[in-house]
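Undergrad: You'll find entry_34.json just under this line, and it carries JSON, C-alpha atoms.
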[["chain", "number", "residue", "atom", "x", "y", "z"],
["A", 17, "MET", "CA", 17.53, 12.63, 3.52],
["A", 18, "LYS", "CA", 15.17, 10.30, 5.27],
["A", 19, "LYS", "CA", 15.85, 10.03, 8.97],
["A", 20, "ALA", "CA", 15.77, 6.98, 11.24],
["A", 21, "ASN", "CA", 12.36, 8.06, 12.47],
["A", 22, "SER", "CA", 11.10, 7.89, 8.90],
["A", 23, "ASN", "CA", 8.16, 5.72, 8.07],
["A", 24, "ILE", "CA", 8.01, 2.62, 5.93],
["A", 25, "ILE", "CA", 5.15, 2.82, 3.45],
["A", 26, "LEU", "CA", 3.94, -0.43, 1.90],
["A", 27, "ILE", "CA", 2.35, -0.35, -1.56],
["A", 28, "GLY", "CA", 1.15, -3.11, -3.85],
["A", 29, "MET", "CA", -1.87, -4.93, -5.18],
["A", 30, "PRO", "CA", -4.73, -5.99, -2.91],
["A", 31, "GLY", "CA", -3.80, -9.36, -1.45],
["A", 32, "ALA", "CA", -0.03, -8.74, -1.65],
["A", 33, "GLY", "CA", 0.12, -8.80, 2.17],
["A", 34, "LYS", "CA", 0.66, -5.13, 3.00],
["A", 35, "SER", "CA", -1.39, -5.15, 6.22],
["A", 36, "THR", "CA", -0.24, -8.58, 7.41],
["A", 37, "VAL", "CA", 3.44, -7.93, 6.70],
["A", 38, "GLY", "CA", 3.15, -4.38, 8.00],
["A", 39, "VAL", "CA", 2.13, -5.49, 11.49],
["A", 40, "VAL", "CA", 5.11, -7.87, 11.69],
["A", 41, "VAL", "CA", 7.57, -5.24, 10.42],
["A", 42, "ALA", "CA", 6.22, -2.68, 12.90],
["A", 43, "LYS", "CA", 6.69, -5.12, 15.79],
["A", 44, "ARG", "CA", 10.24, -5.98, 14.69],
["A", 45, "LEU", "CA", 11.25, -2.32, 14.45],
["A", 46, "GLY", "CA", 9.27, -1.06, 17.44],
["A", 47, "PHE", "CA", 7.23, 1.16, 15.11],
["A", 48, "ARG", "CA", 3.53, 2.00, 15.13],
["A", 49, "PHE", "CA", 1.32, 0.32, 12.50],
["A", 50, "VAL", "CA", -1.14, 2.35, 10.43],
["A", 51, "ASP", "CA", -3.54, 0.85, 7.89],
["A", 52, "SER", "CA", -4.65, 3.70, 5.65],
["A", 53, "ASP", "CA", -7.78, 1.78, 4.58],
["A", 54, "LEU", "CA", -8.87, 1.73, 8.23],
["A", 55, "VAL", "CA", -8.10, 5.46, 8.55],
["A", 56, "ILE", "CA", -10.34, 6.08, 5.50],
["A", 57, "GLN", "CA", -13.14, 3.99, 7.05],
["A", 58, "GLU", "CA", -12.79, 5.80, 10.40],
["A", 59, "THR", "CA", -12.68, 9.22, 8.72],
["A", 60, "TYR", "CA", -15.84, 8.65, 6.67],
["A", 61, "GLY", "CA", -17.68, 6.25, 8.99],
["A", 62, "LYS", "CA", -18.28, 3.66, 6.26],
["A", 63, "LEU", "CA", -16.69, 0.50, 4.90],
["A", 64, "LEU", "CA", -14.55, 0.82, 1.78],
["A", 65, "HIS", "CA", -17.02, -0.93, -0.49],
["A", 66, "GLU", "CA", -19.79, 1.38, 0.79],
["A", 67, "LEU", "CA", -17.67, 4.43, -0.05],
["A", 68, "ILE", "CA", -16.95, 3.03, -3.53],
["A", 69, "GLU", "CA", -20.67, 2.40, -4.08],
["A", 70, "GLU", "CA", -21.56, 5.91, -2.89],
["A", 71, "PHE", "CA", -18.83, 7.93, -4.62],
["A", 72, "GLY", "CA", -17.79, 5.67, -7.51],
["A", 73, "VAL", "CA", -14.25, 4.50, -8.14],
["A", 74, "GLU", "CA", -12.80, 7.87, -9.08],
["A", 75, "GLY", "CA", -14.67, 9.61, -6.24],
["A", 76, "PHE", "CA", -13.24, 7.05, -3.82],
["A", 77, "TRP", "CA", -9.74, 7.74, -5.16],
["A", 78, "LYS", "CA", -10.26, 11.41, -4.24],
["A", 79, "LEU", "CA", -11.19, 10.45, -0.67],
["A", 80, "GLU", "CA", -8.23, 8.07, -0.50],
["A", 81, "ASN", "CA", -5.92, 10.77, -1.85],
["A", 82, "LYS", "CA", -7.13, 13.28, 0.73],
["A", 83, "VAL", "CA", -6.53, 10.88, 3.64],
["A", 84, "ASN", "CA", -3.14, 9.60, 2.44],
["A", 85, "ALA", "CA", -1.87, 13.07, 1.49],
["A", 86, "SER", "CA", -2.59, 14.27, 5.03],
["A", 87, "LEU", "CA", -1.22, 11.32, 7.03],
["A", 88, "LEU", "CA", 1.12, 12.51, 9.74],
["A", 89, "ALA", "CA", 3.24, 9.79, 11.27],
["A", 90, "GLU", "CA", 6.70, 9.10, 12.62],
["A", 91, "ARG", "CA", 8.33, 5.74, 13.19],
["A", 92, "SER", "CA", 5.35, 4.00, 11.59],
["A", 93, "VAL", "CA", 4.76, 1.27, 9.08],
["A", 94, "ILE", "CA", 1.92, 2.44, 6.85],
["A", 95, "ALA", "CA", 0.00, -0.11, 4.79],
["A", 96, "THR", "CA", -1.80, 1.68, 1.97],
["A", 97, "GLY", "CA", -4.75, 0.62, -0.13],
["A", 98, "GLY", "CA", -3.85, -0.85, -3.49],
["A", 99, "SER", "CA", -5.29, 2.09, -5.40],
["A", 100, "VAL", "CA", -3.18, 4.79, -3.71],
["A", 101, "CYS", "CA", -0.84, 4.60, -6.71],
["A", 102, "HIS", "CA", -3.49, 6.44, -8.77],
["A", 103, "GLU", "CA", -3.06, 9.64, -6.74],
["A", 104, "PRO", "CA", 0.20, 11.55, -7.36],
["A", 105, "GLU", "CA", -0.44, 14.00, -4.49],
["A", 106, "ALA", "CA", -0.71, 11.17, -1.96],
["A", 107, "MET", "CA", 2.29, 9.35, -3.39],
["A", 108, "LYS", "CA", 4.41, 12.52, -3.29],
["A", 109, "HIS", "CA", 3.49, 13.08, 0.38],
["A", 110, "LEU", "CA", 4.13, 9.44, 1.31],
["A", 111, "GLY", "CA", 7.52, 9.58, -0.42],
["A", 112, "GLU", "CA", 8.39, 12.67, 1.64],
["A", 113, "ILE", "CA", 7.55, 11.04, 4.98],
["A", 114, "GLY", "CA", 9.17, 7.66, 4.44],
["A", 115, "ILE", "CA", 10.58, 4.87, 2.34],
["A", 116, "ILE", "CA", 8.12, 3.40, -0.15],
["A", 117, "VAL", "CA", 8.32, -0.39, -0.34],
["A", 118, "TYR", "CA", 6.53, -2.19, -3.16],
["A", 119, "LEU", "CA", 5.43, -5.73, -2.28],
["A", 120, "ARG", "CA", 5.55, -7.50, -5.64],
["A", 121, "LEU", "CA", 3.55, -10.66, -6.24],
["A", 122, "SER", "CA", 2.70, -12.46, -9.48],
["A", 123, "TYR", "CA", -0.76, -12.19, -10.99],
["A", 124, "ASP", "CA", -1.39, -15.91, -10.47],
["A", 125, "SER", "CA", -0.59, -15.67, -6.76],
["A", 126, "LEU", "CA", -2.80, -12.60, -6.33],
["A", 127, "GLU", "CA", -5.70, -14.22, -8.13],
["A", 128, "GLU", "CA", -5.37, -17.24, -5.85],
["A", 129, "ARG", "CA", -5.32, -15.09, -2.66],
["A", 130, "LEU", "CA", -8.18, -12.72, -3.49],
["A", 131, "GLY", "CA", -11.76, -13.62, -2.72],
["A", 132, "ASP", "CA", -14.71, -11.34, -3.37],
["A", 133, "LEU", "CA", -13.17, -8.21, -4.88],
["A", 134, "GLY", "CA", -16.22, -6.07, -4.14],
["A", 135, "ALA", "CA", -16.25, -6.94, -0.44],
["A", 136, "ARG", "CA", -12.52, -6.18, -0.24],
["A", 137, "GLY", "CA", -13.05, -2.66, -1.55],
["A", 138, "VAL", "CA", -11.05, -3.22, -4.74],
["A", 139, "THR", "CA", -11.59, -0.32, -7.13],
["A", 140, "LEU", "CA", -12.44, -1.80, -10.51],
["A", 141, "LEU", "CA", -13.78, 0.49, -13.20],
["A", 142, "PRO", "CA", -16.82, -0.80, -15.14],
["A", 143, "GLY", "CA", -15.73, -3.67, -17.41],
["A", 144, "GLN", "CA", -12.26, -3.82, -15.88],
["A", 145, "THR", "CA", -10.89, -7.23, -14.86],
["A", 146, "LEU", "CA", -8.35, -8.04, -12.17],
["A", 147, "ALA", "CA", -5.82, -8.74, -14.96],
["A", 148, "ASP", "CA", -6.48, -5.26, -16.42],
["A", 149, "LEU", "CA", -6.01, -3.70, -13.00],
["A", 150, "TYR", "CA", -2.77, -5.61, -12.44],
["A", 151, "ARG", "CA", -1.32, -4.47, -15.80],
["A", 152, "GLU", "CA", -2.37, -0.88, -15.09],
["A", 153, "ARG", "CA", -0.94, -0.64, -11.58],
["A", 154, "ILE", "CA", 2.38, -2.49, -11.82],
["A", 155, "PRO", "CA", 4.16, 0.37, -13.67],
["A", 156, "LEU", "CA", 2.81, 2.84, -11.08],
["A", 157, "TYR", "CA", 4.05, 0.79, -8.13],
["A", 158, "GLU", "CA", 7.44, 0.45, -9.81],
["A", 159, "LYS", "CA", 7.56, 4.20, -10.49],
["A", 160, "TYR", "CA", 6.95, 5.18, -6.87],
["A", 161, "ALA", "CA", 8.92, 2.44, -5.07],
["A", 162, "ASP", "CA", 12.20, 3.20, -3.32],
["A", 163, "ILE", "CA", 12.56, -0.54, -2.65],
["A", 164, "THR", "CA", 10.87, -3.54, -4.27],
["A", 165, "VAL", "CA", 10.47, -6.78, -2.34],
["A", 166, "ASP", "CA", 9.63, -9.91, -4.33],
["A", 167, "CYS", "CA", 7.12, -11.80, -2.17],
["A", 168, "GLU", "CA", 6.68, -14.79, -4.48],
["A", 169, "GLY", "CA", 6.93, -18.09, -2.60],
["A", 170, "LYS", "CA", 8.18, -16.46, 0.62],
["A", 171, "GLN", "CA", 6.88, -16.85, 4.14],
["A", 172, "LEU", "CA", 5.58, -13.82, 6.05],
["A", 173, "ARG", "CA", 8.59, -13.80, 8.39],
["A", 174, "GLU", "CA", 11.06, -13.87, 5.47],
["A", 175, "ILE", "CA", 9.37, -10.88, 3.84],
["A", 176, "ALA", "CA", 9.32, -8.92, 7.11],
["A", 177, "VAL", "CA", 13.03, -9.57, 7.75],
["A", 178, "GLU", "CA", 13.87, -8.57, 4.18],
["A", 179, "ILE", "CA", 11.95, -5.30, 4.52],
["A", 180, "CYS", "CA", 13.64, -4.48, 7.83],
["A", 181, "ASN", "CA", 17.10, -5.23, 6.41],
["A", 182, "MET", "CA", 16.48, -3.30, 3.20],
["A", 183, "ALA", "CA", 15.06, -0.31, 5.05],
["A", 184, "GLU", "CA", 18.06, -0.16, 7.37],
["A", 185, "ALA", "CA", 20.45, -0.41, 4.42],
["A", 186, "TYR", "CA", 18.51, 2.05, 2.26],
["A", 187, "GLU", "CA", 20.69, 4.90, 1.09],
["A", 188, "GLY", "CA", 19.61, 8.10, 2.76],
["A", 189, "TYR", "CA", 17.90, 6.34, 5.66],
["A", 190, "GLU", "CA", 19.88, 7.40, 8.71]]
Produce structure tokens that represent the structure in this file.
TA:
Amino acid sequence: MKKANSNIILIGMPGAGKSTVGVVVAKRLGFRFVDSDLVIQETYGKLLHELIEEFGVEGFWKLENKVNASLLAERSVIATGGSVCHEPEAMKHLGEIGIIVYLRLSYDSLEERLGDLGARGVTLLPGQTLADLYRERIPLYEKYADITVDCEGKQLREIAVEICNMAEAYEGYE
């Protein structure tokens, strides 16, 4: 059973709003906010896109897995990188330390929100498009999610309130 001091872990595509929403949810609940992408950058002393260039996409996933699988937090909202869904070890650990909330957004909305994918640290394999990535990851997000929040056409505040309400009502979250 997940306790009241459990964490809320946000997963979803880049641009879905995990970091932005996460800060608001943390403030509403009086929780700490952790951005796992920033933890990765602090751990390795480089920007995400530099790590991807140096280690390649799959090498970066190993670094990301290592960081996310070792996160220790209580009463925190954790915004993960979009590619965390590729690492079962990290996802298992995150599921053990909190409620996993998938922020779902349509492909069209994501495409509109995202700028330079390389500068954002989006892990695209050679020849892979954003549409390919979207189709690949959606089943993984759905597999790992305890709760799914549809973010389409909603304001930041609405999404944050919905997450707080759903987390409090989540079965097993005492």
Undergrad: Please identify all polymer residues lying at most 12 Å from the point (-13.0, 1.4, -8.3) (file coordinates), using only C-alpha atoms, and present the result as a PyMOL selection string.
TA: chain A and resi 64-80+97-100+102+133-146+149
Undergrad: Go ahead and write the selection's residues with C-alpha atoms as an mmCIF file, in the frame of the given file.
TA:
data_model
loop_
_atom_site.group_PDB
_atom_site.id
_atom_site.type_symbol
_atom_site.label_atom_id
_atom_site.label_comp_id
_atom_site.auth_asym_id
_atom_site.auth_seq_id
_atom_site.Cartn_x
_atom_site.Cartn_y
_atom_site.Cartn_z
ATOM 1 C CA LEU A 64 -14.550 0.820 1.780
ATOM 2 C CA HIS A 65 -17.020 -0.930 -0.490
ATOM 3 C CA GLU A 66 -19.790 1.380 0.790
ATOM 4 C CA LEU A 67 -17.670 4.430 -0.050
ATOM 5 C CA ILE A 68 -16.950 3.030 -3.530
ATOM 6 C CA GLU A 69 -20.670 2.400 -4.080
ATOM 7 C CA GLU A 70 -21.560 5.910 -2.890
ATOM 8 C CA PHE A 71 -18.830 7.930 -4.620
ATOM 9 C CA GLY A 72 -17.790 5.670 -7.510
ATOM 10 C CA VAL A 73 -14.250 4.500 -8.140
ATOM 11 C CA GLU A 74 -12.800 7.870 -9.080
ATOM 12 C CA GLY A 75 -14.670 9.610 -6.240
ATOM 13 C CA PHE A 76 -13.240 7.050 -3.820
ATOM 14 C CA TRP A 77 -9.740 7.740 -5.160
ATOM 15 C CA LYS A 78 -10.260 11.410 -4.240
ATOM 16 C CA LEU A 79 -11.190 10.450 -0.670
ATOM 17 C CA GLU A 80 -8.230 8.070 -0.500
ATOM 18 C CA GLY A 97 -4.750 0.620 -0.130
ATOM 19 C CA GLY A 98 -3.850 -0.850 -3.490
ATOM 20 C CA SER A 99 -5.290 2.090 -5.400
ATOM 21 C CA VAL A 100 -3.180 4.790 -3.710
ATOM 22 C CA HIS A 102 -3.490 6.440 -8.770
ATOM 23 C CA LEU A 133 -13.170 -8.210 -4.880
ATOM 24 C CA GLY A 134 -16.220 -6.070 -4.140
ATOM 25 C CA ALA A 135 -16.250 -6.940 -0.440
ATOM 26 C CA ARG A 136 -12.520 -6.180 -0.240
ATOM 27 C CA GLY A 137 -13.050 -2.660 -1.550
ATOM 28 C CA VAL A 138 -11.050 -3.220 -4.740
ATOM 29 C CA THR A 139 -11.590 -0.320 -7.130
ATOM 30 C CA LEU A 140 -12.440 -1.800 -10.510
ATOM 31 C CA LEU A 141 -13.780 0.490 -13.200
ATOM 32 C CA PRO A 142 -16.820 -0.800 -15.140
ATOM 33 C CA GLY A 143 -15.730 -3.670 -17.410
ATOM 34 C CA GLN A 144 -12.260 -3.820 -15.880
ATOM 35 C CA THR A 145 -10.890 -7.230 -14.860
ATOM 36 C CA LEU A 146 -8.350 -8.040 -12.170
ATOM 37 C CA LEU A 149 -6.010 -3.700 -13.000
#
Undergrad: In Å, how far is it from CA of Ile179 (chain A) to CA of Gln57 (chain A)?
TA: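 CA of Gln57 (chain A) lies at a distance of 26.9 Å from CA of Ile179 (chain A).
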Undergrad: Taking the point (4.4, -3.7, -2.2) as given in the file, collect each protein or nucleic acid residue that comes within 8 Å of it, counting all atoms listed in the file, and present the set as JSON, numbers by chain.
TA: {"A": [26, 27, 28, 29, 32, 33, 34, 117, 118, 119, 120, 157, 164, 165]}
Undergrad: Please produce a file of the residues just selected, as an mmCIF file, in the frame of the given file, where the atoms kept are C-alpha atoms.
TA:
data_model
loop_
_atom_site.group_PDB
_atom_site.id
_atom_site.type_symbol
_atom_site.label_atom_id
_atom_site.label_comp_id
_atom_site.auth_asym_id
_atom_site.auth_seq_id
_atom_site.Cartn_x
_atom_site.Cartn_y
_atom_site.Cartn_z
ATOM 1 C CA LEU A 26 3.940 -0.430 1.900
ATOM 2 C CA ILE A 27 2.350 -0.350 -1.560
ATOM 3 C CA GLY A 28 1.150 -3.110 -3.850
ATOM 4 C CA MET A 29 -1.870 -4.930 -5.180
ATOM 5 C CA ALA A 32 -0.030 -8.740 -1.650
ATOM 6 C CA GLY A 33 0.120 -8.800 2.170
ATOM 7 C CA LYS A 34 0.660 -5.130 3.000
ATOM 8 C CA VAL A 117 8.320 -0.390 -0.340
ATOM 9 C CA TYR A 118 6.530 -2.190 -3.160
ATOM 10 C CA LEU A 119 5.430 -5.730 -2.280
ATOM 11 C CA ARG A 120 5.550 -7.500 -5.640
ATOM 12 C CA TYR A 157 4.050 0.790 -8.130
ATOM 13 C CA THR A 164 10.870 -3.540 -4.270
ATOM 14 C CA VAL A 165 10.470 -6.780 -2.340
#
Undergrad: With distances taken over all atoms listed in the file, which residue among A:Val41, A:Ile24, A:Cys167, A:Ala95 lies nearest Ile115 (chain A)?
TA: A:Ile24
Undergrad: Of the candidates A:Leu45, A:Ile25, A:Ile163, A:Met107, which one gets nearest to Ala185 (chain A) if we count only C-alpha atoms?
TA: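 Ranked by minimum distance to Ala185 (chain A), first place goes to A:Ile163.
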Undergrad: Rounded to one decimal place, report the CA of Leu126 (chain A)-CA of Ala147 (chain A) distance in Å.
TA: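 Going from CA of Leu126 (chain A) over to CA of Ala147 (chain A) covers 9.9 Å.
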Undergrad: When you count only C-alpha atoms, which of these residues is closest to Lys82 (chain A): A:Leu130, A:Val40, A:Ala106, A:Leu54?
TA: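 That would be A:Ala106, the residue with the smallest distance to Lys82 (chain A).
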Undergrad: I'd like the interatomic distance between CA of Leu172 (chain A) and CA of Gly31 (chain A), to a tenth of an Å.
TA: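 That distance, rounded to one decimal, is 12.8 Å.
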Undergrad: Env of Val93 (chain A): 12 Å cut, atoms = only C-alpha atoms, seq-sep filter 5 positions within chain, self excluded. Answer as an NGL selection string.
TA: :A and (21-27 or 34-52 or 87-88 or 110 or 113-117 or 176 or 179-180 or 183)
Undergrad: Could you check which of A:Glu105, A:Asp53, A:Ser125, A:Thr59 is closest to Lys170 (chain A), using all atoms listed in the file?
TA: A:Ser125
Undergrad: Give, as lines of an AutoDock Vina configuration file, the centre coordinates and the x, y and z edge lengths in Å to one decimal for an axis-aligned box around all listed atoms of region 144-162 of chain A, padded by 8 Å on each side.
TA:
center_x = 0.0
center_y = -1.8
center_z = -9.9
size_x = 40.5
size_y = 29.9
size_z = 29.1
Undergrad: Can you rebuild region 79-93 of chain A with N, CA and C atoms and give it as a CSV table (one decimal), in the frame of the given file?
TA:
chain,number,residue,atom,x,y,z
A,79,LEU,N,-11.2,10.6,-2.1
A,79,LEU,CA,-11.2,10.4,-0.7
A,79,LEU,C,-9.9,9.8,-0.2
A,80,GLU,N,-9.5,8.8,-0.9
A,80,GLU,CA,-8.2,8.1,-0.5
A,80,GLU,C,-7.0,9.0,-0.6
A,81,ASN,N,-7.0,9.8,-1.7
A,81,ASN,CA,-5.9,10.8,-1.8
A,81,ASN,C,-5.9,11.8,-0.7
A,82,LYS,N,-7.0,12.3,-0.3
A,82,LYS,CA,-7.1,13.3,0.7
A,82,LYS,C,-6.6,12.7,2.0
A,83,VAL,N,-7.0,11.5,2.4
A,83,VAL,CA,-6.5,10.9,3.6
A,83,VAL,C,-5.0,10.6,3.6
A,84,ASN,N,-4.6,10.0,2.5
A,84,ASN,CA,-3.1,9.6,2.4
A,84,ASN,C,-2.2,10.8,2.3
A,85,ALA,N,-2.7,11.9,1.6
A,85,ALA,CA,-1.9,13.1,1.5
A,85,ALA,C,-1.8,13.9,2.8
A,86,SER,N,-2.6,13.5,3.8
A,86,SER,CA,-2.6,14.3,5.0
A,86,SER,C,-2.1,13.4,6.2
A,87,LEU,N,-1.7,12.2,5.9
A,87,LEU,CA,-1.2,11.3,7.0
A,87,LEU,C,0.0,11.9,7.7
A,88,LEU,N,0.0,12.0,9.0
A,88,LEU,CA,1.1,12.5,9.7
A,88,LEU,C,1.5,11.4,10.7
A,89,ALA,N,2.8,10.9,10.5
A,89,ALA,CA,3.2,9.8,11.3
A,89,ALA,C,4.8,9.9,11.4
A,90,GLU,N,5.3,9.3,12.4
A,90,GLU,CA,6.7,9.1,12.6
A,90,GLU,C,6.9,7.7,13.2
A,91,ARG,N,8.0,7.1,12.7
A,91,ARG,CA,8.3,5.7,13.2
A,91,ARG,C,7.1,4.8,13.1
A,92,SER,N,6.5,4.8,11.9
A,92,SER,CA,5.4,4.0,11.6
A,92,SER,C,5.6,3.2,10.3
A,93,VAL,N,4.9,2.0,10.3
A,93,VAL,CA,4.8,1.3,9.1
A,93,VAL,C,3.3,1.5,8.6
